[in-house]
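Raw contents of run24.cif, mmCIF, C-alpha atoms:
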```cif
data_final
loop_
_atom_site.label_atom_id
_atom_site.label_comp_id
_atom_site.auth_asym_id
_atom_site.auth_seq_id
_atom_site.Cartn_x
_atom_site.Cartn_y
_atom_site.Cartn_z
CA MET A 171 -20.35 45.60 -84.33
CA VAL A 172 -22.82 42.77 -83.92
CA PRO A 173 -21.82 40.12 -81.38
CA VAL A 174 -21.65 36.59 -82.68
CA ARG A 175 -23.70 34.14 -80.66
CA GLY A 176 -20.89 31.56 -80.39
CA SER A 177 -18.36 34.07 -79.08
CA ARG A 178 -20.76 35.18 -76.38
CA ARG A 179 -21.07 31.63 -75.11
CA CYS A 180 -17.28 31.29 -75.03
CA TRP A 181 -17.07 34.48 -73.01
CA TRP A 182 -19.45 33.07 -70.37
CA VAL A 183 -17.54 29.79 -70.23
CA ALA A 184 -14.24 31.63 -69.86
CA LEU A 185 -15.72 33.80 -67.10
CA ALA A 186 -17.05 30.75 -65.24
CA LEU A 187 -13.70 28.93 -65.51
CA ALA A 188 -11.83 31.98 -64.26
CA ALA A 189 -14.14 32.23 -61.26
CA LEU A 190 -13.75 28.55 -60.40
CA SER A 191 -10.00 28.30 -60.82
CA PRO A 192 -7.84 28.90 -57.74
CA ALA A 193 -5.78 31.48 -59.64
CA GLY A 194 -8.94 33.39 -60.53
CA CYS A 195 -9.66 34.17 -56.88
CA SER A 196 -6.13 34.43 -55.63
CA LEU A 197 -4.70 37.63 -54.24
CA GLN A 198 -1.17 36.46 -54.90
CA GLY A 199 -1.20 37.69 -58.49
CA THR A 200 -1.99 41.26 -57.56
CA PRO A 201 0.97 43.49 -56.87
CA GLY A 202 1.32 44.50 -53.23
CA ALA A 203 -0.99 41.75 -51.97
CA GLU A 204 0.44 39.51 -49.29
CA ALA A 205 -0.01 35.77 -49.17
CA PRO A 206 -2.58 34.70 -46.57
CA CYS A 207 -0.99 32.98 -43.55
CA GLU A 208 2.46 33.54 -45.04
CA VAL A 209 4.44 32.53 -41.95
CA CYS A 210 2.31 29.44 -41.34
CA GLN A 211 2.52 28.29 -44.95
CA ALA A 212 6.25 28.94 -45.25
CA PHE A 213 7.19 27.24 -41.97
CA LEU A 214 4.88 24.24 -42.27
CA GLY A 215 5.77 23.86 -45.96
CA ARG A 216 9.47 23.61 -45.10
CA PHE A 217 8.63 21.29 -42.22
CA TYR A 218 6.59 18.97 -44.47
CA SER A 219 9.41 18.90 -47.04
CA HIS A 220 11.85 18.07 -44.23
CA LEU A 221 9.65 15.14 -43.17
CA LYS A 222 9.46 13.84 -46.72
CA GLU A 223 13.24 14.09 -47.18
CA LYS A 224 13.80 12.31 -43.89
CA HIS A 225 11.40 9.52 -44.98
CA SER A 226 9.43 9.86 -41.78
CA ASP A 227 6.66 7.36 -41.07
CA PHE A 228 4.14 10.25 -40.85
CA SER A 229 2.56 9.02 -37.64
CA VAL A 230 0.93 11.66 -35.47
CA ALA A 231 3.41 11.13 -32.65
CA SER A 232 6.51 11.35 -34.84
CA ILE A 233 5.21 14.49 -36.55
CA GLU A 234 4.60 16.14 -33.17
CA ASP A 235 8.09 15.20 -31.95
CA GLU A 236 9.73 16.55 -35.10
CA LEU A 237 7.63 19.73 -34.93
CA VAL A 238 8.75 20.40 -31.37
CA LYS A 239 12.39 19.85 -32.44
CA SER A 240 11.98 22.20 -35.42
CA CYS A 241 10.36 24.83 -33.25
CA ALA A 242 13.28 24.73 -30.83
CA ASP A 243 15.45 26.21 -33.60
CA ALA A 244 12.82 28.66 -34.90
CA LYS A 245 13.38 32.39 -34.49
CA GLY A 246 11.30 35.52 -34.96
CA LYS A 247 7.84 35.13 -36.42
CA GLU A 248 8.26 31.38 -36.87
CA ASN A 249 8.95 31.05 -33.14
CA ARG A 250 5.76 33.03 -32.50
CA LEU A 251 3.85 30.58 -34.75
CA CYS A 252 5.28 27.68 -32.74
CA TYR A 253 4.12 29.39 -29.56
CA TYR A 254 0.59 29.75 -30.95
CA ILE A 255 0.34 26.07 -31.91
CA GLY A 256 1.85 24.91 -28.62
CA ALA A 257 5.18 23.57 -29.85
CA THR A 258 7.28 25.63 -27.43
CA SER A 259 7.86 24.90 -23.76
CA ASP A 260 6.27 28.18 -22.64
CA ALA A 261 3.10 27.89 -24.77
CA ALA A 262 -0.22 28.34 -23.00
CA THR A 263 -2.23 26.17 -25.40
CA LYS A 264 -1.51 22.89 -27.16
CA ILE A 265 -3.08 22.53 -30.59
CA LEU A 266 -0.27 20.41 -32.04
CA SER A 267 -2.77 17.74 -33.02
CA GLU A 268 -4.45 20.25 -35.35
CA VAL A 269 -1.20 20.23 -37.32
CA SER A 270 0.01 16.66 -36.89
CA ARG A 271 -3.26 14.83 -37.68
CA PRO A 272 -3.88 16.52 -41.05
CA MET A 273 -0.19 16.36 -41.94
CA SER A 274 -0.15 12.61 -41.26
CA ALA A 275 -2.92 12.31 -43.86
CA HIS A 276 -0.85 14.44 -46.30
CA ILE A 277 -3.38 17.29 -46.36
CA PRO A 278 -1.87 20.33 -48.15
CA VAL A 279 -0.24 22.94 -45.94
CA PRO A 280 -2.54 25.82 -47.07
CA LYS A 281 -5.55 23.79 -45.90
CA ILE A 282 -3.89 23.11 -42.54
CA CYS A 283 -3.21 26.84 -42.13
CA GLU A 284 -6.83 27.69 -43.03
CA LYS A 285 -8.00 25.29 -40.32
CA LEU A 286 -5.58 26.82 -37.81
CA LYS A 287 -6.90 30.27 -38.72
CA LYS A 288 -10.39 29.20 -37.65
CA ILE A 289 -9.01 28.14 -34.29
CA ASP A 290 -6.70 31.12 -33.68
CA LEU A 291 -6.79 34.21 -35.90
CA GLN A 292 -3.37 35.35 -34.68
CA ILE A 293 -1.71 32.54 -36.64
CA CYS A 294 -2.59 34.11 -39.99
CA GLU A 295 -1.88 37.63 -38.81
CA LEU A 296 1.85 36.81 -38.58
CA LYS A 297 3.78 38.43 -41.42
CA PHE A 298 7.46 38.31 -42.23
CA GLU A 299 9.25 41.61 -41.77
CA ARG A 300 10.17 43.48 -44.90
CA ASN A 301 13.80 43.60 -45.93
CA PHE A 302 15.01 46.99 -47.05
CA ASP A 303 17.56 47.67 -49.74
CA LEU A 304 19.39 50.51 -48.04
CA THR A 305 20.89 51.70 -51.32
CA SER A 306 17.52 52.39 -52.93
CA VAL A 307 15.38 53.47 -49.97
CA ASP A 308 15.29 57.01 -48.59
CA LEU A 309 15.88 56.53 -44.87
CA SER A 310 14.67 60.02 -44.02
CA LYS A 311 11.18 59.11 -45.29
CA MET A 312 10.88 55.99 -43.18
CA ARG A 313 9.10 55.87 -39.85
CA VAL A 314 11.07 55.94 -36.61
CA GLY A 315 9.74 52.49 -35.70
CA GLU A 316 11.02 51.05 -38.98
CA LEU A 317 14.43 52.64 -38.42
CA LYS A 318 14.61 51.17 -34.91
CA LYS A 319 13.68 47.73 -36.30
CA ILE A 320 16.57 47.93 -38.76
CA LEU A 321 18.97 48.66 -35.91
CA GLU A 322 17.38 45.94 -33.77
CA SER A 323 17.78 43.36 -36.56
CA TRP A 324 21.48 44.22 -36.65
CA GLY A 325 21.74 43.86 -32.89
CA GLU A 326 22.48 47.57 -32.45
CA VAL A 327 20.84 50.09 -30.13
CA CYS A 328 20.99 53.86 -30.20
CA ARG A 329 20.60 55.11 -26.67
CA ALA A 330 21.64 58.68 -27.47
CA CYS A 331 19.29 59.11 -30.45
CA ILE A 332 16.85 61.89 -29.73
CA GLU A 333 15.73 62.81 -33.22
CA LYS A 334 14.99 60.85 -36.35
CA THR A 335 18.08 62.24 -38.05
CA ASP A 336 20.23 60.64 -35.33
CA LEU A 337 18.80 57.23 -36.26
CA VAL A 338 19.29 57.86 -39.99
CA ASP A 339 22.90 58.90 -39.47
CA LEU A 340 23.63 55.85 -37.31
CA ILE A 341 22.11 53.47 -39.89
CA LYS A 342 24.16 55.05 -42.66
CA GLU A 343 27.28 54.72 -40.50
CA LEU A 344 26.63 51.06 -39.62
CA ALA A 345 25.26 49.92 -43.00
CA PRO A 346 28.63 48.86 -44.49
CA LYS A 347 29.28 46.69 -41.45
CA HIS A 348 25.91 44.88 -41.52
CA THR A 349 25.00 44.65 -45.19
CA ALA A 350 26.67 42.49 -47.80
CA PRO A 351 29.01 44.50 -50.01
CA ALA A 352 27.64 44.98 -53.52
CA SER A 353 29.59 43.04 -56.10
CA ARG A 354 31.32 45.29 -58.56
CA THR A 355 31.34 44.06 -62.13
CA ASP A 356 32.53 47.31 -63.64
CA LEU A 357 36.13 46.95 -62.47
#
```
structure tokens encoding of this file:
Amino acid sequence: MVPVRGSRRCWWVALALAALSPAGCSLQGTPGAEAPCEVCQAFLGRFYSHLKEKHSDFSVASIEDELVKSCADAKGKENRLCYYIGATSDAATKILSEVSRPMSAHIPVPKICEKLKKIDLQICELKFERNFDLTSVDLSKMRVGELKKILESWGEVCRACIEKTDLVDLIKELAPKHTAPASRTDL
């Protein structure tokens, strides 16, 4: 088959457009790829939406005050993010202005998180913990650390567990208590 000159030019244009578009370079479309700075983008995205709903004046001082208030209620990885940016009382550093100044100028949250990543790499290393569907996962093939995290998220501790099978049995025993019952439509 002989290539037509016009179609070749279209191919190069399409290739150039794909390379320049944000979706062309994004890892989000690939299965199994995680969003960069997922905790930062999720938390600050919700925070920015909260400020817009509240009709805040978007001054640097009011953003910092609201951020400290939001961080007081944060738990888990979001609390760790607040610690890294200095919005908690026990934080060692204060880089709140690196969030509040750009946010007062309505700079997009992904850009703010990229800037924070240049200051402190730990901010983008934060990942949300995976949620397991206990009905479809084989607990015996999971790591001991993952099993202990499941129990820890439920507020349970197994002090007498010596072997992995002890943890698996305890999770199976406690699962009905801590997971939402599946709705039955086949009644």
Please write the residues picked by the PyMOL selection byres ((chain A and resi 218-221) around 12) on this file as a ChimeraX atom specification.
-> /A:210-217,222-229,232-237,239-240,269-270,272-280,282
Counting only C-alpha atoms, the option among A:Leu251, A:Leu344, A:Val230, A:Leu337 closest to Cys294 in chain A =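 Using only C-alpha atoms, the shortest distance to Cys294 in chain A belongs to A:Leu251.
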Within 8 Å of Lys318 in chain A, counting only C-alpha atoms, which residues show up once you throw out same-chain ones fewer than 3 positions away? Write them as JSON, numbers by chain, please.
-> {"A": [314, 315, 321, 322, 327, 337]}
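When you apply the PyMOL selection byres ((chain A and resi 207) around 7) to this structure, what comes back is A:Ala205, A:Pro206, A:Glu208, A:Val209, A:Cys210, A:Gln211, A:Cys283, A:Ile293, A:Cys294, A:Glu295, A:Leu296.
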Writer output for current selection, C-alpha atoms, as a CSV table (one decimal), keeping the file's coordinate frame:
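Printed below is again_6.csv as written:
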```csv
chain,number,residue,atom,x,y,z
A,205,ALA,CA,0.0,35.8,-49.2
A,206,PRO,CA,-2.6,34.7,-46.6
A,208,GLU,CA,2.5,33.5,-45.0
A,209,VAL,CA,4.4,32.5,-42.0
A,210,CYS,CA,2.3,29.4,-41.3
A,211,GLN,CA,2.5,28.3,-45.0
A,283,CYS,CA,-3.2,26.8,-42.1
A,293,ILE,CA,-1.7,32.5,-36.6
A,294,CYS,CA,-2.6,34.1,-40.0
A,295,GLU,CA,-1.9,37.6,-38.8
A,296,LEU,CA,1.8,36.8,-38.6
```
Could you work out how far CA of Leu266 in chain A lies from CA of Tyr254 in chain A, giving the answer in Å with one decimal?
-> 9.4 Å
Which value, in Å to one decimal, gives the distance between CA of Ser310 in chain A and CA of Lys334 in chain A?
-> 7.7 Å
